[in-house]
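**Q** One structure, pasted below without further comment.
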Amino acid sequence: MSLKLTHLSIRAPSGNVLIRNLSLEIAAGEIVTLMGESGSGKSTLLNAIAGHLPARFALGGDIKLNGQSLLGHRPETRHVGLMFQDAMLFPHLSVGDNLAFGLHSRIKARADRRARVEAALTQAGLQGMYARHPDSLSGGQRSRAALMRTLLAEPAALLLDEPFASLDADRRDEIRAFTFEHVQRRAIPVLLVTHDPADAQAMSGRVQAL
């Protein structure tokens with residue numbers, strides 16, 4: 001398995017080129033960090049890979065996941081997980097129901113879905129919090145819940161958009177280590193974009209400037 005970008009270019013509606021001729025291949029189980037300042041096109045790049053790039057942007061080159069081009073595929077058929085710095089838990093759902101939202105549609109039995117969510121909550125150190133409201137969680141707990149929701153969807157690749165930036169200093173190391181452990185366990189290609197060198201160091205992989 002691999003995520004491969006070939007001569008990828010993205011031009012904004014203004015005509016400004018945000019990404020120019022980027023080629024990058026990430027193997028299964030590998031974490032690659034792209035470093036760039038605010039406005040360098042990091043989030044735009046991840047949106048292009050995940051299928052969320054607005055039509056007014058011009059996209060050139062190719063994006064392949066496991067040898068298949070993703071261009072022209074809807075976001076929900078790309079099997080790419082995307083996690084932002086804001087945990088973005090749904091406020092109208094409980095913590096457990098937020099995680100259940102990520103489960104694949106093939107898992108239909110209510111008991112099976114509940115068991116998978118409970119197991120994920122335990123892995124995240126959130127056991128007993130199924131019925132809790134997302135607003136009752138700390139920042140670190142919200143980040144762990146958001147990551148587990150993303151992983152429950154069984155993505156074939158994972159994109160991380162500065163997921164630690166909103167955390168206080170005491171929580172960053174904890175959530176970095178938690179994220180690293182769980183993405184390594186899945187053995188899928190992971191692309192992290194950040195402006196923080198400590199994120200790149202914590203993920204222990206290749207680092208490339210954007």
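Labels used: A, B, ... for chains in the order of the structure tokens, numbers from 1 for residues in each chain, and numbers from 1 for ligands as shown.
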Using only C-alpha atoms, which residues sit within 6 Å of range 172-184 of chain A once same-chain residues fewer than 5 positions away are excluded, as a list of chain:residue names?
**A**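 The contact residues come out as A:Gly29, A:Phe164, A:Leu167.
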**Q** Write a file of the just-selected residues containing C-alpha atoms, as a CSV table (one decimal), in the first residue's frame.
**A**
```csv
chain,number,residue,atom,x,y,z
A,29,GLY,CA,3.3,2.3,7.9
A,164,PHE,CA,-1.8,19.2,17.9
A,167,LEU,CA,-3.6,21.7,22.5
```
**Q** Compile the contact shell of range 129-145 of chain A as a ChimeraX atom specification: residues with an atom at most 12 Å away, counting only C-alpha atoms, same-chain residues fewer than 4 positions apart removed.
**A** /A:83-102,114-125,149-152,160,162-182
**Q** How would you write, as a PyMOL selection string, the set of residues in range 10-196 of chain A that DSSP gives as alpha helix (DSSP H)?
**A** chain A and resi 42-50+95-101+110-123+139-152+169-186
**Q** Considering only C-alpha atoms, return as a list in words whatever protein or nucleic-acid residues lie within 8 Å of Lys42 in chain A, sequence-local ones (same chain, fewer than 3 positions apart) excluded.
**A**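 My reading of the contact set: Leu34, Gly36, Ser38, Gly39, Leu45, Leu46, Asp161, Val193, Thr194 and Leu210 of chain A.
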**Q** Please, could you write that set of residues out with N, CA and C atoms as a PDB file, in the first residue's frame?
**A**
```pdb
ATOM      1  N   LEU A  34       5.233  17.166   6.124  1.00  0.00           N
ATOM      2  CA  LEU A  34       5.495  18.324   5.274  1.00  0.00           C
ATOM      3  C   LEU A  34       5.489  19.561   6.156  1.00  0.00           C
ATOM      4  N   GLY A  36       5.669  23.645   6.615  1.00  0.00           N
ATOM      5  CA  GLY A  36       5.415  24.872   5.870  1.00  0.00           C
ATOM      6  C   GLY A  36       4.748  25.900   6.756  1.00  0.00           C
ATOM      7  N   SER A  38       2.195  29.165   7.665  1.00  0.00           N
ATOM      8  CA  SER A  38       0.792  29.457   7.376  1.00  0.00           C
ATOM      9  C   SER A  38       0.683  30.110   6.002  1.00  0.00           C
ATOM     10  N   GLY A  39      -0.302  29.643   5.208  1.00  0.00           N
ATOM     11  CA  GLY A  39      -0.494  30.185   3.877  1.00  0.00           C
ATOM     12  C   GLY A  39       0.316  29.509   2.796  1.00  0.00           C
ATOM     13  N   LEU A  45      -3.518  21.284   0.159  1.00  0.00           N
ATOM     14  CA  LEU A  45      -2.990  20.018  -0.350  1.00  0.00           C
ATOM     15  C   LEU A  45      -3.764  18.837   0.218  1.00  0.00           C
ATOM     16  N   LEU A  46      -3.995  18.837   1.525  1.00  0.00           N
ATOM     17  CA  LEU A  46      -4.720  17.721   2.143  1.00  0.00           C
ATOM     18  C   LEU A  46      -6.153  17.654   1.620  1.00  0.00           C
ATOM     19  N   ASP A 161      -3.831  17.323   9.679  1.00  0.00           N
ATOM     20  CA  ASP A 161      -3.676  18.753   9.425  1.00  0.00           C
ATOM     21  C   ASP A 161      -3.428  19.491  10.744  1.00  0.00           C
ATOM     22  N   VAL A 193       0.933  17.489   8.005  1.00  0.00           N
ATOM     23  CA  VAL A 193       1.401  18.825   7.655  1.00  0.00           C
ATOM     24  C   VAL A 193       1.405  19.675   8.920  1.00  0.00           C
ATOM     25  N   THR A 194       2.477  20.453   9.082  1.00  0.00           N
ATOM     26  CA  THR A 194       2.641  21.235  10.307  1.00  0.00           C
ATOM     27  C   THR A 194       3.656  22.344  10.075  1.00  0.00           C
ATOM     28  N   LEU A 210       7.672  22.275   2.353  1.00  0.00           N
ATOM     29  CA  LEU A 210       6.633  22.520   1.351  1.00  0.00           C
ATOM     30  C   LEU A 210       6.859  23.911   0.758  1.00  0.00           C
TER      31      LEU A 210
END
```
**Q** List as a list of chain:residue names the protein and nucleic acid residues near range 8-25 of chain A, meaning an atom at most 7 Å away when only C-alpha atoms are counted, but skip any in the same chain fewer than 4 places from it.
**A**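 Within the cut-off, the hits are A:Ser2, A:Leu3, A:Lys4, A:Ser40, A:Gly41, A:Arg56, A:Phe57, A:Ala58, A:Leu59, A:Gly60, A:Gly61, A:Asp62.
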**Q** Would you save the residues of that selection, restricted to C-alpha atoms, as a compact mmCIF listing (two decimals), in the first residue's frame?
**A**
```txt
# COMPACT_ATOMS: atom_id res chain seq x y z
CA SER A 2 1.17 3.53 -0.68
CA LEU A 3 0.00 7.10 -1.20
CA LYS A 4 1.70 8.66 -4.22
CA SER A 40 1.93 27.80 2.18
CA GLY A 41 -0.88 25.55 0.94
CA ARG A 56 -12.61 26.88 -8.44
CA PHE A 57 -9.08 25.65 -7.67
CA ALA A 58 -7.04 24.18 -10.54
CA LEU A 59 -5.43 20.80 -9.84
CA GLY A 60 -2.71 19.23 -11.95
CA GLY A 61 -0.76 16.00 -11.68
CA ASP A 62 -2.03 12.79 -10.09
```
**Q** Would you pick out the contacts of range 69-80 of chain A at 6 Å or less, using only C-alpha atoms, so that residues sharing its chain but fewer than 5 positions from it are not included, and give the list as JSON, numbers by chain?
**A** {"A": [50, 51, 63, 64, 155, 156, 157, 158]}
**Q** Could you write out that same residue set with C-alpha atoms as a compact mmCIF listing (two decimals), in the first residue's frame?
**A**
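Writing the result to part20.txt gives the following:
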```txt
# COMPACT_ATOMS: atom_id res chain seq x y z
CA ALA A 50 -9.15 13.85 0.41
CA GLY A 51 -11.40 15.15 -2.37
CA ILE A 63 -2.86 11.33 -6.68
CA LYS A 64 -2.76 7.55 -6.33
CA PRO A 155 -8.99 4.52 6.11
CA ALA A 156 -6.40 3.27 3.64
CA ALA A 157 -4.41 6.47 4.22
CA LEU A 158 -4.47 9.15 6.91
```
**Q** Which polymer residues have any atom within 10 Å of an atom of Met1 in chain A, counting only C-alpha atoms, with same-chain residues fewer than 5 positions away left out, as a VMD selection string?
**A** chain A and resid 26 to 29 65 to 67 156 to 157 187 to 189
**Q** Write the residues you've just listed into a file as a PDB file, in the first residue's frame, and include N, CA and C atoms for each of them.
**A**
```
ATOM      1  N   ILE A  26       4.505   7.776  -0.104  1.00  0.00           N
ATOM      2  CA  ILE A  26       4.498   7.370   1.298  1.00  0.00           C
ATOM      3  C   ILE A  26       4.095   5.904   1.364  1.00  0.00           C
ATOM      4  N   ALA A  27       4.952   5.083   1.910  1.00  0.00           N
ATOM      5  CA  ALA A  27       4.698   3.647   1.972  1.00  0.00           C
ATOM      6  C   ALA A  27       3.774   3.315   3.142  1.00  0.00           C
ATOM      7  N   ALA A  28       3.235   2.100   3.122  1.00  0.00           N
ATOM      8  CA  ALA A  28       2.393   1.627   4.222  1.00  0.00           C
ATOM      9  C   ALA A  28       3.185   1.648   5.518  1.00  0.00           C
ATOM     10  N   GLY A  29       2.596   2.228   6.566  1.00  0.00           N
ATOM     11  CA  GLY A  29       3.255   2.303   7.852  1.00  0.00           C
ATOM     12  C   GLY A  29       4.250   3.435   7.992  1.00  0.00           C
ATOM     13  N   LEU A  65      -3.663   6.107  -4.628  1.00  0.00           N
ATOM     14  CA  LEU A  65      -3.672   5.349  -3.386  1.00  0.00           C
ATOM     15  C   LEU A  65      -3.699   3.878  -3.754  1.00  0.00           C
ATOM     16  N   ASN A  66      -2.666   3.164  -3.340  1.00  0.00           N
ATOM     17  CA  ASN A  66      -2.535   1.738  -3.676  1.00  0.00           C
ATOM     18  C   ASN A  66      -2.636   1.499  -5.178  1.00  0.00           C
ATOM     19  N   GLY A  67      -2.013   2.399  -5.944  1.00  0.00           N
ATOM     20  CA  GLY A  67      -1.926   2.243  -7.391  1.00  0.00           C
ATOM     21  C   GLY A  67      -3.113   2.754  -8.181  1.00  0.00           C
ATOM     22  N   ALA A 156      -7.580   3.873   4.267  1.00  0.00           N
ATOM     23  CA  ALA A 156      -6.403   3.271   3.641  1.00  0.00           C
ATOM     24  C   ALA A 156      -5.213   4.213   3.681  1.00  0.00           C
ATOM     25  N   ALA A 157      -5.462   5.474   4.021  1.00  0.00           N
ATOM     26  CA  ALA A 157      -4.410   6.465   4.221  1.00  0.00           C
ATOM     27  C   ALA A 157      -4.952   7.508   5.184  1.00  0.00           C
ATOM     28  N   ALA A 187      -0.573   0.461  10.131  1.00  0.00           N
ATOM     29  CA  ALA A 187       0.313   0.212   8.986  1.00  0.00           C
ATOM     30  C   ALA A 187      -0.264   0.792   7.696  1.00  0.00           C
ATOM     31  N   ILE A 188      -0.663   2.063   7.747  1.00  0.00           N
ATOM     32  CA  ILE A 188      -1.154   2.760   6.564  1.00  0.00           C
ATOM     33  C   ILE A 188      -0.265   3.981   6.320  1.00  0.00           C
ATOM     34  N   PRO A 189      -0.215   4.492   5.087  1.00  0.00           N
ATOM     35  CA  PRO A 189       0.562   5.709   4.838  1.00  0.00           C
ATOM     36  C   PRO A 189      -0.065   6.906   5.533  1.00  0.00           C
TER      37      PRO A 189
END
```
**Q** Once DSSP has gone over the backbone, tell me which residues of range 34-98 of chain A are in strand (DSSP E), as an mmCIF file with N, CA and C atoms, in the first residue's frame.
**A**
```cif
data_model
loop_
_atom_site.group_PDB
_atom_site.id
_atom_site.type_symbol
_atom_site.label_atom_id
_atom_site.label_comp_id
_atom_site.auth_asym_id
_atom_site.auth_seq_id
_atom_site.Cartn_x
_atom_site.Cartn_y
_atom_site.Cartn_z
ATOM 1 N N LEU A 34 5.233 17.166 6.124
ATOM 2 C CA LEU A 34 5.495 18.324 5.274
ATOM 3 C C LEU A 34 5.489 19.561 6.156
ATOM 4 N N MET A 35 6.590 20.294 6.141
ATOM 5 C CA MET A 35 6.723 21.497 6.948
ATOM 6 C C MET A 35 6.468 22.722 6.084
ATOM 7 N N ALA A 58 -7.533 25.003 -9.424
ATOM 8 C CA ALA A 58 -7.043 24.178 -10.535
ATOM 9 C C ALA A 58 -6.043 23.157 -9.996
ATOM 10 N N LEU A 59 -6.272 21.899 -10.331
ATOM 11 C CA LEU A 59 -5.434 20.801 -9.840
ATOM 12 C C LEU A 59 -4.771 20.103 -11.009
ATOM 13 N N GLY A 60 -3.455 19.957 -10.936
ATOM 14 C CA GLY A 60 -2.705 19.234 -11.953
ATOM 15 C C GLY A 60 -1.907 18.105 -11.348
ATOM 16 N N GLY A 61 -1.495 17.154 -12.169
ATOM 17 C CA GLY A 61 -0.757 15.998 -11.679
ATOM 18 C C GLY A 61 -1.691 14.875 -11.294
ATOM 19 N N ASP A 62 -1.218 13.951 -10.455
ATOM 20 C CA ASP A 62 -2.026 12.792 -10.090
ATOM 21 C C ASP A 62 -1.836 12.452 -8.622
ATOM 22 N N ILE A 63 -2.870 11.830 -8.060
ATOM 23 C CA ILE A 63 -2.861 11.333 -6.683
ATOM 24 C C ILE A 63 -3.289 9.879 -6.736
ATOM 25 N N LYS A 64 -2.433 8.972 -6.302
ATOM 26 C CA LYS A 64 -2.760 7.554 -6.334
ATOM 27 C C LYS A 64 -2.686 6.948 -4.940
ATOM 28 N N LEU A 65 -3.663 6.107 -4.628
ATOM 29 C CA LEU A 65 -3.672 5.349 -3.386
ATOM 30 C C LEU A 65 -3.699 3.878 -3.754
ATOM 31 N N GLN A 68 -4.172 3.192 -7.493
ATOM 32 C CA GLN A 68 -5.376 3.664 -8.172
ATOM 33 C C GLN A 68 -5.489 5.182 -8.043
ATOM 34 N N SER A 69 -5.734 5.861 -9.159
ATOM 35 C CA SER A 69 -5.875 7.313 -9.115
ATOM 36 C C SER A 69 -7.138 7.697 -8.353
ATOM 37 N N VAL A 80 -9.786 7.820 2.463
ATOM 38 C CA VAL A 80 -8.734 8.658 3.044
ATOM 39 C C VAL A 80 -9.298 9.344 4.286
ATOM 40 N N GLY A 81 -8.647 9.151 5.434
ATOM 41 C CA GLY A 81 -9.059 9.808 6.665
ATOM 42 C C GLY A 81 -8.372 11.156 6.799
ATOM 43 N N LEU A 82 -9.098 12.144 7.315
ATOM 44 C CA LEU A 82 -8.558 13.489 7.463
ATOM 45 C C LEU A 82 -8.876 14.001 8.860
ATOM 46 N N MET A 83 -7.836 14.398 9.600
ATOM 47 C CA MET A 83 -8.015 14.902 10.955
ATOM 48 C C MET A 83 -7.426 16.302 11.058
ATOM 49 N N PHE A 84 -8.225 17.242 11.583
ATOM 50 C CA PHE A 84 -7.824 18.639 11.686
ATOM 51 C C PHE A 84 -7.358 18.971 13.107
#
```
